[in-house]
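Notes follow the structure.
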Protein chains: 4
Amino acid sequence: MQSIVCHAANDLRLEALSLPPVGAKQLLVNVAFGGICGSDLHYFQHGGFGTVRIKEPMALGHEVSGVVEAVGAEVTGFTRGQRIAISPSRPCGHCRFCQSGAHNQCLSMRFYGSAMPFPHIQGAFSDQLVIDASQAHALSDGITLSAAALAEPLSVGLHAIQRAGGVLGKTVLVTGCGPIGSLLIAALRRAGAAYIVAADIADLPLRCAKAMGADETINTMADKSAFAKYRIDKGQFDAVFEASGSEAALHLAFDVIAPRGVLVAIGLGSNITLPMNQLVAKEIDLRGTFRFHSEFATAVRFLNEGLIDGTPVITAIVPANEALRAFELASDKSQSLKVQISFSGESTKH
Amino acid sequence: MQSIVCHAANDLRLEALSLPPVGAKQLLVNVAFGGICGSDLHYFQHGGFGTVRIKEPMALGHEVSGVVEAVGAEVTGFTRGQRIAISPSRPCGHCRFCQSGAHNQCLSMRFYGSAMPFPHIQGAFSDQLVIDASQAHALSDGITLSAAALAEPLSVGLHAIQRAGGVLGKTVLVTGCGPIGSLLIAALRRAGAAYIVAADIADLPLRCAKAMGADETINTMADKSAFAKYRIDKGQFDAVFEASGSEAALHLAFDVIAPRGVLVAIGLGSNITLPMNQLVAKEIDLRGTFRFHSEFATAVRFLNEGLIDGTPVITAIVPANEALRAFELASDKSQSLKVQISFSGESTKH
Amino acid sequence: MQSIVCHAANDLRLEALSLPPVGAKQLLVNVAFGGICGSDLHYFQHGGFGTVRIKEPMALGHEVSGVVEAVGAEVTGFTRGQRIAISPSRPCGHCRFCQSGAHNQCLSMRFYGSAMPFPHIQGAFSDQLVIDASQAHALSDGITLSAAALAEPLSVGLHAIQRAGGVLGKTVLVTGCGPIGSLLIAALRRAGAAYIVAADIADLPLRCAKAMGADETINTMADKSAFAKYRIDKGQFDAVFEASGSEAALHLAFDVIAPRGVLVAIGLGSNITLPMNQLVAKEIDLRGTFRFHSEFATAVRFLNEGLIDGTPVITAIVPANEALRAFELASDKSQSLKVQISFSGESTKH
Amino acid sequence: MQSIVCHAANDLRLEALSLPPVGAKQLLVNVAFGGICGSDLHYFQHGGFGTVRIKEPMALGHEVSGVVEAVGAEVTGFTRGQRIAISPSRPCGHCRFCQSGAHNQCLSMRFYGSAMPFPHIQGAFSDQLVIDASQAHALSDGITLSAAALAEPLSVGLHAIQRAGGVLGKTVLVTGCGPIGSLLIAALRRAGAAYIVAADIADLPLRCAKAMGADETINTMADKSAFAKYRIDKGQFDAVFEASGSEAALHLAFDVIAPRGVLVAIGLGSNITLPMNQLVAKEIDLRGTFRFHSEFATAVRFLNEGLIDGTPVITAIVPANEALRAFELASDKSQSLKVQISFSGESTKH
């Protein structure tokens, strides 16, 4: 199989990796589309993030869709030609976290394209993959393979909402409207949020946020006073989802969230100064959220049924043989939200 | 009435304040004991904390017990001579927080001895007080008036446990074992925590923590490696209560708490660097907790029935006419945990 | 004002009642539409339900919309001509339930058209009403006054979902697809349920359920084996909402609900045999749900924004001067779901 | 090994069963004490309960303690002579319930002494057992082997409290004060219930309930009016635990429980008429609870540390060679609460 392999910062190569045999409970899949995620970009640009470094060549990628090419002997429910979304979440099933339903916290997680463990977990940006049948989620006729590759980042949003304890009827703020934030907004709308405010420092993501269902968008660089009305009476938002990783956004969140509100922090980032007096006096719940597991099936279902349309986040589709261009394009936030790589040669946007 | 009034940092005076008339739903109370709280000390030592400053003379104190001296016309259930604990929590009952059961977040709270609003809310360190009957909680024969004045800081601990979502069967760490932390430990034991580790940088509070029910005490200055066993497999504590306000303690908490654990921050403090990657990747719930409201009744009940004995935290009782000495003694952490002021002249420890 | 007053079973009269003066915080409203609810029908058909009996003439109705005619001196935010939905929920604000956020359990609730207390609480089926400004919820341009009168039964559904603890990503069954069940289905879809099965004994409500967003409809009279697939492995539904009041439906629910599932019982009904062994061994949560309070604002918002379209439940609109015909029509389940009364003379369907 | 085997109703035999080999991760245990549970009695008296029937000879018993006799090759942490409590809960670890932390709902549970599956799961009333090391919980020096055999029924109570969502600070009623109800009361006290009322129809269990920590005991046969004060204002109990299986007790619970209260049903029983109008109008949560899993470790810890003393429930200890007498004694509710069988010949009470 041909894979997009990162050797170090700015050292991305298209290489032939050997395909493992197809086990009895596995599927061979021709990969269709793979979305470039922020963590892929971090490996590409910096060779890692925080204390995590690439120490051996690692295929990137974990947001993939494809078409079943071959079916293991004991697999039921899938046939050759079935179009699927592929979950990158592969927990062990045995550790104390798996046994308590917190599979995303698995002590031996093999999540695609992660340099956290060593040897690294190879990613899914390959033209072919051998996957466990349990990773495969069948697609409906109505959804494109490109749209299906959004199931993964959408799952991140759905898990964030579960971490928040639900949002039905709530007034919600999302700070940071890149692909994760924008897909989260679509998920919030579907999960019954009553009023959704989207904030960012740029207009491209805010236009996307609006298309995904935000009731109000605020450019925090352009309009410094827009949040004044949300600061009154100790704060007005029942829940805030911080998806920008910016300290300024987190501090804004503490100002405008209501007492006993839930502030969900999404995505890894640098250390940040915590306004402890606000956290304590307003009794804020600041909750981390990380990846997902069971939410992947829900994400596919919402996409399959047209209950969520994620396609406004896709700004470009680039063939795999131009992978470097795809990563450079994804790095340019002025024109890109989600950039997908086409492994079947398809290059038009969906 | 004679009150202990703070005019500015290090300017504490015993002054005569005028006693308001006793309303139909009120009680006149002869105050017995008043415990000096960390916030009282802050006003005394620094004239405030954070951005909160004393801008007019303010009587201090909010941890008080007493004996009913006169009963308003419409009050039932109390007679002259009844010994009581007095709740300092006086919410408005009308704002959106009161109407949702979050009375401690009341927009017009009149909590005793607080310089947050202006005019300030006068405190309870007076030989007499006129209180609302709803603030009075009858004492059983078995409890001393000194012990009853612990109902307030014990309520803080009970509310913190409610904020944590309960601790039954859980493995719990408490960092900071002053009066709040130690009374919290007694409350955790009573609330069914399975295993309680107490950490502090000094031995006096750790001895108290042990007396209050901790299973294990760790002096983090003396034993740097004691927490190694709690760091394994992503962390071992189901819940951590941070009562020291120290950045080092918060960072320790993030290391040893288990994924999806609840980390409750108690007490106001300075800003702190937040280890965002741990918060996100381990999906920690960092929750503020602030004062209490309905928990006061529970605290009195536990004390009345002997289900919690808080007296090990009391290190000294000083007569009101030596108030300055009491505050200086309370400021000396090497020999003091809870210092109480006696308004009836009683100076022996309980 | 002209009101639709029930004197006893089958004794419905159009009578002139005196209009109270408009208080400073009140509004005078010209009522537009009023939906006939199951409880209205019970009063009309049987003079009450359970032990509740009509003991004095009582105006019926609590699902109403209207247009502001006059505005009290202290009211802000409303002007003459404003179209509104009217909440029938009038809690006292002072009792222990109001002070804990459970306003629908208020000890002195004055819910429109209820014979539970005596004197009875008069209902809202009048051409004019004086209401508290807090009951009024402004409508957007995009919604008809007829559709707005669905805010009340939609609120019942939203509260039922809150009682269930949310449904995001869940597989859900609704038994009984009259107006309450069908509007609940729309609310479940909006609240993020992943898969919704609707069951009833008749096709008219099932067609409505489908229009409201059900993924699958089952006529339990016509297809006895349709639920076999949902009985396997101890049951498959994460949540069941029982809106039929039928014992057979409740027993079906116990068969097909998964262990630890939540079974929400909506609407008053006769006593029912409880399958205790299933409740215990499968650890079912059987939860009652009753009316609503804060959910009314959310319902209006969803209707205003087109996030929920409730109009498929409206099967007829009848002028107020034909009120008896309206009640008889509403009593005929073979052709009626929600029958609304027009107080402005409008008789076409929306 | 010698086992107490039930062949049919009233057909109890002491028989030699063959001991399986000790696996690498297993322990051979000399059983010390075994408590007779209500389900054991049902098998003995009626040959089963509900639709469950004994279809082949089955050893009874699941409340056992013992001493390690031999240790499998891969077992760490246990040596010969270690005294242990033995958990009867043996879930598969793989099914969807195990993978979500609901091990007690395992689709392939092998709980000791259960005729629900066929072949039946043999029980633990034998002089020797081969167990998985994961079933063994080490005892402290301070606890007797007789007291340790109470860990199992105490776990049932702890799980019931978890099902209730905790009881810290709550006013609680327990109906039915046999061994399960009385041990539950001790657990409620330890879990921080503020006020505990115990109700039964006989004085022997009520005396035990008092010894276990109940604040108030009510003989519902002797005092018909004792609950009048708990019926006011829609009901006064925050939580009720129904452990009698009696319809009258369940109906009492609905009368005295507060709106939004949690009513936990413990133990299998016959069908019961459900007061649907109360369930709905008061929004009661009626929750089943069934066995336990992780709570066993907590139960052993509370017993080991003396945080719960369960011994008041033990009314007799009978040697295994008089097993029939033990079962007959246990059947006599006028003199028996918990009857234990001694497998080591010890016959004095603990």
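Ligands are numbered from 1 in the order shown, residues from 1 within each chain, and chains are lettered A, B, ... in the order they appear in the structure tokens.
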Residues of chain B at most 12 Å from chain D: nearest atom pair and distance in Å, only C-alpha atoms, as CSV:
residue,atom,partner,partner_atom,distance
B:Ser155,CA,D:Gly169,CA,10.9
B:Leu158,CA,D:Gly169,CA,8.6
B:His159,CA,D:Gly169,CA,10.1
B:Ala160,CA,D:Leu168,CA,11.8
B:Ile161,CA,D:Leu168,CA,8.8
B:Gln162,CA,D:Leu168,CA,7.9
B:Arg163,CA,D:Leu168,CA,11.6
B:Ala164,CA,D:Gly166,CA,11.6
B:Gly165,CA,D:Gly166,CA,8.4
B:Gly166,CA,D:Gly166,CA,6.6
B:Val167,CA,D:Ala191,CA,8.5
B:Leu168,CA,D:Ala191,CA,6.1
B:Gly169,CA,D:Thr298,CA,5.6
B:Lys170,CA,D:Thr298,CA,8.4
B:Thr171,CA,D:Thr298,CA,10.1
B:Ala186,CA,D:Gly192,CA,11.0
B:Ala187,CA,D:Gly192,CA,8.3
B:Leu188,CA,D:Gly192,CA,8.8
B:Arg189,CA,D:Arg190,CA,7.8
B:Arg190,CA,D:Gly192,CA,5.3
B:Ala191,CA,D:Gly192,CA,4.4
B:Gly192,CA,D:Ala191,CA,4.4
B:Ala193,CA,D:Ala191,CA,8.0
B:Ala194,CA,D:Thr298,CA,6.4
B:Tyr195,CA,D:Arg301,CA,8.6
B:Gly213,CA,D:Leu307,CA,10.4
B:Ala214,CA,D:Glu305,CA,11.9
B:Asp215,CA,D:Glu305,CA,9.6
B:Ser294,CA,D:Gly169,CA,9.2
B:Glu295,CA,D:Gly169,CA,7.4
B:Phe296,CA,D:Gly169,CA,9.9
B:Ala297,CA,D:Gly169,CA,8.7
B:Thr298,CA,D:Gly169,CA,5.6
B:Ala299,CA,D:Gly169,CA,8.5
B:Val300,CA,D:Ala194,CA,10.0
B:Arg301,CA,D:Ala194,CA,6.9
B:Phe302,CA,D:Ala194,CA,7.2
B:Leu303,CA,D:Ala194,CA,10.8
B:Asn304,CA,D:Ala194,CA,11.0
B:Glu305,CA,D:Ala194,CA,9.6
B:Gly306,CA,D:Ala194,CA,11.8
B:Leu307,CA,D:Arg189,CA,8.9
B:Ile308,CA,D:Gly192,CA,10.2
Which of segment 48-172 of chain D fall in strand (DSSP E), as a list in words: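 Of segment 48-172 of chain D, only Gly48, Phe49, Val52, Arg53, Met58, Ala59, Glu63, Val64, Ser65, Gly66, Val67, Val68, Glu69, Ala70, Val71, Arg83, Ile84, Ala85, Ile86, Gln128, Leu129, Val130, Ile131, Asp132, Ala136, His137, Ala138, Thr171 and Val172 of chain D fall in strand (DSSP E).
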I need the residues from that last selection saved to file as a PDB file, in the first residue's frame (with C-alpha atoms), if you can.
ATOM      1  CA  GLY D  48     -37.449 -21.393  42.583  1.00  0.00           C
ATOM      2  CA  PHE D  49     -39.172 -18.036  42.264  1.00  0.00           C
ATOM      3  CA  VAL D  52     -37.228 -19.591  37.547  1.00  0.00           C
ATOM      4  CA  ARG D  53     -37.213 -23.306  38.529  1.00  0.00           C
ATOM      5  CA  MET D  58     -27.752 -27.162  42.228  1.00  0.00           C
ATOM      6  CA  ALA D  59     -25.464 -26.240  45.111  1.00  0.00           C
ATOM      7  CA  GLU D  63     -22.381 -15.214  50.630  1.00  0.00           C
ATOM      8  CA  VAL D  64     -19.087 -16.840  51.586  1.00  0.00           C
ATOM      9  CA  SER D  65     -15.766 -16.233  53.275  1.00  0.00           C
ATOM     10  CA  GLY D  66     -12.794 -18.567  53.564  1.00  0.00           C
ATOM     11  CA  VAL D  67      -9.082 -19.169  53.888  1.00  0.00           C
ATOM     12  CA  VAL D  68      -6.723 -19.652  50.948  1.00  0.00           C
ATOM     13  CA  GLU D  69      -5.423 -23.221  50.778  1.00  0.00           C
ATOM     14  CA  ALA D  70      -3.514 -23.210  47.472  1.00  0.00           C
ATOM     15  CA  VAL D  71      -2.452 -20.533  45.003  1.00  0.00           C
ATOM     16  CA  ARG D  83      -8.363 -14.943  54.979  1.00  0.00           C
ATOM     17  CA  ILE D  84     -10.708 -13.660  52.267  1.00  0.00           C
ATOM     18  CA  ALA D  85     -14.220 -12.640  51.347  1.00  0.00           C
ATOM     19  CA  ILE D  86     -15.326 -14.171  48.041  1.00  0.00           C
ATOM     20  CA  GLN D 128     -13.859 -26.121  49.404  1.00  0.00           C
ATOM     21  CA  LEU D 129     -14.030 -23.940  46.322  1.00  0.00           C
ATOM     22  CA  VAL D 130     -11.806 -23.151  43.372  1.00  0.00           C
ATOM     23  CA  ILE D 131     -12.242 -19.459  42.597  1.00  0.00           C
ATOM     24  CA  ASP D 132     -10.718 -16.887  40.269  1.00  0.00           C
ATOM     25  CA  ALA D 136     -10.842 -12.886  46.392  1.00  0.00           C
ATOM     26  CA  HIS D 137     -10.730  -9.852  48.681  1.00  0.00           C
ATOM     27  CA  ALA D 138      -8.207  -9.904  51.525  1.00  0.00           C
ATOM     28  CA  THR D 171     -33.963  12.112  54.435  1.00  0.00           C
ATOM     29  CA  VAL D 172     -34.447   8.429  53.691  1.00  0.00           C
TER      30      VAL D 172
END
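For the pair atom CA of Ser182 of chain B and atom CA of Leu206 of chain B, the interatomic distance is 8.4 Å.
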Given only C-alpha atoms as the counted atoms, nearest of B:Phe327, B:Phe241, B:Phe254, B:Phe44 to Leu184 of chain B: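 For Leu184 of chain B, the nearest of the candidates is B:Phe241.
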Residue nearest Gly38 of chain D - candidates D:Ser244, D:Thr76, D:Gln105, D:Asn10, atoms counted: only C-alpha atoms: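 Among D:Ser244, D:Thr76, D:Gln105, D:Asn10, it is D:Ser244 that comes nearest to Gly38 of chain D.
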Residues flagged helix (DSSP H, G or I) by DSSP in segment 10-192 of chain A, as a count of residues only: 47
Nearby residues (only C-alpha atoms) at most 9 Å from Gly123 of chain B, same-chain spacing under 6 positions excluded, as a list of chain:residue names: B:Ser3, B:Ile4, B:Val5, B:Met58, B:Ala59, B:Leu60, B:Gly61, B:His62, B:Pro88, B:Phe111, B:Tyr112, B:Gly113, B:Ser114
Atom-to-atom span, atom CA of Asp332 of chain A and atom CA of Leu204 of chain A, Å: 11.7 Å
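With only C-alpha atoms taken into account, the protein and nucleic acid residues at most 9 Å from Phe290 of chain D (excluding it and anything under 5 positions from it in its own chain) are Val280, Ala281, Lys282 and Glu283 of chain C; Asn104, Gln105, Val156, His159, Ala160, Ala265, Ile266, Gly267 and Leu268 of chain D.
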Mind dumping the selected residues with all heavy atoms as a compact mmCIF listing (two decimals), in the first residue's frame?
# COMPACT_ATOMS: atom_id res chain seq x y z
N VAL C 280 -36.69 -4.78 38.55
CA VAL C 280 -35.56 -5.01 39.44
C VAL C 280 -34.39 -5.64 38.67
O VAL C 280 -33.27 -5.14 38.70
CB VAL C 280 -35.97 -5.88 40.64
CG1 VAL C 280 -34.75 -6.40 41.40
CG2 VAL C 280 -36.89 -5.09 41.56
N ALA C 281 -34.64 -6.75 37.98
CA ALA C 281 -33.53 -7.50 37.38
C ALA C 281 -32.87 -6.71 36.25
O ALA C 281 -31.67 -6.81 36.05
CB ALA C 281 -34.03 -8.86 36.87
N LYS C 282 -33.63 -5.93 35.52
CA LYS C 282 -33.05 -5.12 34.44
C LYS C 282 -32.68 -3.71 34.94
O LYS C 282 -32.18 -2.90 34.17
CB LYS C 282 -34.02 -5.04 33.25
CG LYS C 282 -34.15 -6.36 32.49
CD LYS C 282 -35.23 -6.32 31.41
CE LYS C 282 -34.95 -5.37 30.28
NZ LYS C 282 -35.96 -5.52 29.18
N GLU C 283 -32.95 -3.44 36.19
CA GLU C 283 -32.62 -2.13 36.79
C GLU C 283 -33.17 -0.98 35.95
O GLU C 283 -32.45 -0.03 35.59
CB GLU C 283 -31.10 -2.00 36.96
CG GLU C 283 -30.53 -3.04 37.91
CD GLU C 283 -29.07 -2.79 38.24
OE1 GLU C 283 -28.29 -2.73 37.30
OE2 GLU C 283 -28.73 -2.65 39.42
N ASN D 104 -23.02 -6.12 36.38
CA ASN D 104 -24.09 -6.91 36.99
C ASN D 104 -25.19 -7.25 35.99
O ASN D 104 -26.03 -8.11 36.25
CB ASN D 104 -24.69 -6.18 38.21
CG ASN D 104 -25.39 -4.90 37.84
OD1 ASN D 104 -24.97 -4.23 36.89
ND2 ASN D 104 -26.42 -4.54 38.57
N GLN D 105 -25.19 -6.62 34.83
CA GLN D 105 -26.17 -6.92 33.78
C GLN D 105 -25.57 -7.81 32.70
O GLN D 105 -26.19 -8.01 31.64
CB GLN D 105 -26.69 -5.61 33.16
CG GLN D 105 -27.54 -4.78 34.10
CD GLN D 105 -28.86 -5.45 34.44
OE1 GLN D 105 -29.31 -6.37 33.77
NE2 GLN D 105 -29.49 -4.97 35.51
N VAL D 156 -25.06 -5.45 48.10
CA VAL D 156 -26.38 -5.20 47.52
C VAL D 156 -26.90 -3.84 47.96
O VAL D 156 -27.42 -3.06 47.15
CB VAL D 156 -27.38 -6.32 47.93
CG1 VAL D 156 -28.80 -5.96 47.50
CG2 VAL D 156 -26.94 -7.66 47.33
N HIS D 159 -24.84 -1.02 46.26
CA HIS D 159 -25.26 -0.83 44.86
C HIS D 159 -26.61 -0.11 44.79
O HIS D 159 -26.82 0.74 43.93
CB HIS D 159 -25.32 -2.17 44.14
CG HIS D 159 -25.66 -2.04 42.70
ND1 HIS D 159 -24.83 -1.41 41.79
CD2 HIS D 159 -26.74 -2.42 41.98
CE1 HIS D 159 -25.38 -1.42 40.59
NE2 HIS D 159 -26.55 -2.02 40.67
N ALA D 160 -27.50 -0.44 45.72
CA ALA D 160 -28.80 0.23 45.74
C ALA D 160 -28.62 1.74 45.96
O ALA D 160 -29.32 2.55 45.36
CB ALA D 160 -29.68 -0.37 46.84
N ALA D 265 -36.35 -0.01 44.22
CA ALA D 265 -36.95 -1.31 44.51
C ALA D 265 -35.85 -2.37 44.52
O ALA D 265 -35.14 -2.55 43.53
CB ALA D 265 -38.01 -1.66 43.46
N ILE D 266 -35.74 -3.05 45.68
CA ILE D 266 -34.68 -4.05 45.87
C ILE D 266 -35.29 -5.43 45.96
O ILE D 266 -36.24 -5.64 46.71
CB ILE D 266 -33.91 -3.77 47.19
CG1 ILE D 266 -33.46 -2.32 47.25
CG2 ILE D 266 -32.74 -4.73 47.35
CD1 ILE D 266 -32.91 -1.92 48.60
N GLY D 267 -34.76 -6.34 45.25
CA GLY D 267 -35.19 -7.73 45.42
C GLY D 267 -36.35 -8.06 44.53
O GLY D 267 -37.27 -7.26 44.33
N LEU D 268 -36.31 -9.26 44.00
CA LEU D 268 -37.36 -9.73 43.09
C LEU D 268 -38.63 -9.96 43.89
O LEU D 268 -38.59 -10.17 45.10
CB LEU D 268 -36.88 -11.01 42.42
CG LEU D 268 -35.53 -10.84 41.71
CD1 LEU D 268 -34.98 -12.18 41.24
CD2 LEU D 268 -35.66 -9.88 40.55
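Across the structure, atom CA of Cys92 of chain D and atom CA of Ala228 of chain C are spaced 25.0 Å apart.
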Contacts of Gly245 of chain D at 10 Å (only C-alpha atoms; same-chain gap of 3+ positions) as a list in words: Met276 of chain C; Thr175, Gly176, Glu242, Ala248, Ala249, Leu250, Ala265, Ile266, Gly267, Leu268, Gly269, Ser270, Asn271 and Ile272 of chain D
Take the selection from the previous step and output its residues with all heavy atoms, as an mmCIF file, in the first residue's frame.
data_model
loop_
_atom_site.group_PDB
_atom_site.id
_atom_site.type_symbol
_atom_site.label_atom_id
_atom_site.label_comp_id
_atom_site.auth_asym_id
_atom_site.auth_seq_id
_atom_site.Cartn_x
_atom_site.Cartn_y
_atom_site.Cartn_z
ATOM 1 N N MET C 276 -42.644 -6.218 38.383
ATOM 2 C CA MET C 276 -41.590 -5.887 39.341
ATOM 3 C C MET C 276 -40.283 -6.629 39.062
ATOM 4 O O MET C 276 -39.204 -6.059 39.196
ATOM 5 C CB MET C 276 -42.093 -6.202 40.753
ATOM 6 C CG MET C 276 -41.174 -5.772 41.859
ATOM 7 S SD MET C 276 -40.820 -3.977 41.872
ATOM 8 C CE MET C 276 -42.209 -3.369 42.834
ATOM 9 N N THR D 175 -38.124 0.497 53.787
ATOM 10 C CA THR D 175 -39.239 -0.380 54.146
ATOM 11 C C THR D 175 -38.781 -1.826 53.993
ATOM 12 O O THR D 175 -38.359 -2.247 52.928
ATOM 13 C CB THR D 175 -40.472 -0.111 53.262
ATOM 14 O OG1 THR D 175 -40.089 -0.189 51.877
ATOM 15 C CG2 THR D 175 -41.039 1.270 53.521
ATOM 16 N N GLY D 176 -38.861 -2.575 55.090
ATOM 17 C CA GLY D 176 -38.367 -3.956 55.104
ATOM 18 C C GLY D 176 -36.973 -4.011 55.683
ATOM 19 O O GLY D 176 -36.025 -3.612 55.027
ATOM 20 N N GLU D 242 -37.259 0.271 48.984
ATOM 21 C CA GLU D 242 -38.290 -0.714 49.283
ATOM 22 C C GLU D 242 -37.640 -2.111 49.232
ATOM 23 O O GLU D 242 -37.310 -2.618 48.156
ATOM 24 C CB GLU D 242 -39.420 -0.595 48.255
ATOM 25 C CG GLU D 242 -40.769 -1.061 48.739
ATOM 26 C CD GLU D 242 -40.772 -2.462 49.303
ATOM 27 O OE1 GLU D 242 -40.867 -3.395 48.501
ATOM 28 O OE2 GLU D 242 -40.678 -2.620 50.543
ATOM 29 N N ALA D 248 -48.194 -3.186 49.858
ATOM 30 C CA ALA D 248 -48.562 -2.141 50.824
ATOM 31 C C ALA D 248 -47.385 -1.203 51.076
ATOM 32 O O ALA D 248 -47.549 0.019 51.176
ATOM 33 C CB ALA D 248 -49.013 -2.774 52.140
ATOM 34 N N ALA D 249 -46.181 -1.749 51.154
ATOM 35 C CA ALA D 249 -45.008 -0.913 51.403
ATOM 36 C C ALA D 249 -44.742 -0.001 50.207
ATOM 37 O O ALA D 249 -44.411 1.172 50.376
ATOM 38 C CB ALA D 249 -43.786 -1.793 51.690
ATOM 39 N N LEU D 250 -44.906 -0.538 49.002
ATOM 40 C CA LEU D 250 -44.681 0.292 47.821
ATOM 41 C C LEU D 250 -45.688 1.439 47.774
ATOM 42 O O LEU D 250 -45.352 2.582 47.466
ATOM 43 C CB LEU D 250 -44.766 -0.544 46.533
ATOM 44 C CG LEU D 250 -44.309 0.199 45.283
ATOM 45 C CD1 LEU D 250 -42.786 0.275 45.231
ATOM 46 C CD2 LEU D 250 -44.838 -0.444 44.010
ATOM 47 N N ALA D 265 -36.351 -0.011 44.220
ATOM 48 C CA ALA D 265 -36.953 -1.314 44.506
ATOM 49 C C ALA D 265 -35.850 -2.368 44.522
ATOM 50 O O ALA D 265 -35.144 -2.550 43.533
ATOM 51 C CB ALA D 265 -38.009 -1.656 43.457
ATOM 52 N N ILE D 266 -35.737 -3.055 45.679
ATOM 53 C CA ILE D 266 -34.679 -4.046 45.874
ATOM 54 C C ILE D 266 -35.295 -5.431 45.962
ATOM 55 O O ILE D 266 -36.239 -5.639 46.708
ATOM 56 C CB ILE D 266 -33.913 -3.774 47.191
ATOM 57 C CG1 ILE D 266 -33.461 -2.324 47.246
ATOM 58 C CG2 ILE D 266 -32.741 -4.729 47.351
ATOM 59 C CD1 ILE D 266 -32.915 -1.918 48.600
ATOM 60 N N GLY D 267 -34.755 -6.344 45.248
ATOM 61 C CA GLY D 267 -35.185 -7.726 45.422
ATOM 62 C C GLY D 267 -36.352 -8.059 44.528
ATOM 63 O O GLY D 267 -37.267 -7.258 44.331
ATOM 64 N N LEU D 268 -36.310 -9.264 43.995
ATOM 65 C CA LEU D 268 -37.359 -9.732 43.091
ATOM 66 C C LEU D 268 -38.630 -9.957 43.887
ATOM 67 O O LEU D 268 -38.589 -10.170 45.101
ATOM 68 C CB LEU D 268 -36.879 -11.011 42.417
ATOM 69 C CG LEU D 268 -35.527 -10.838 41.711
ATOM 70 C CD1 LEU D 268 -34.984 -12.176 41.241
ATOM 71 C CD2 LEU D 268 -35.662 -9.876 40.551
ATOM 72 N N GLY D 269 -39.762 -9.922 43.218
ATOM 73 C CA GLY D 269 -41.014 -10.112 43.923
ATOM 74 C C GLY D 269 -42.142 -10.308 42.940
ATOM 75 O O GLY D 269 -41.916 -10.387 41.736
ATOM 76 N N SER D 270 -43.337 -10.368 43.441
ATOM 77 C CA SER D 270 -44.467 -10.567 42.541
ATOM 78 C C SER D 270 -44.872 -9.224 41.933
ATOM 79 O O SER D 270 -44.416 -8.165 42.358
ATOM 80 C CB SER D 270 -45.633 -11.190 43.294
ATOM 81 O OG SER D 270 -45.470 -11.029 44.681
ATOM 82 N N ASN D 271 -45.719 -9.310 40.923
ATOM 83 C CA ASN D 271 -46.214 -8.081 40.303
ATOM 84 C C ASN D 271 -47.015 -7.282 41.316
ATOM 85 O O ASN D 271 -47.598 -7.830 42.254
ATOM 86 C CB ASN D 271 -47.075 -8.414 39.085
ATOM 87 C CG ASN D 271 -46.208 -8.899 37.945
ATOM 88 O OD1 ASN D 271 -44.973 -8.837 38.026
ATOM 89 N ND2 ASN D 271 -46.832 -9.367 36.896
ATOM 90 N N ILE D 272 -47.055 -5.989 41.115
ATOM 91 C CA ILE D 272 -47.614 -5.065 42.088
ATOM 92 C C ILE D 272 -48.397 -4.002 41.335
ATOM 93 O O ILE D 272 -48.036 -3.633 40.217
ATOM 94 C CB ILE D 272 -46.439 -4.463 42.914
ATOM 95 C CG1 ILE D 272 -46.123 -5.385 44.091
ATOM 96 C CG2 ILE D 272 -46.733 -3.060 43.368
ATOM 97 C CD1 ILE D 272 -44.978 -4.942 44.941
#
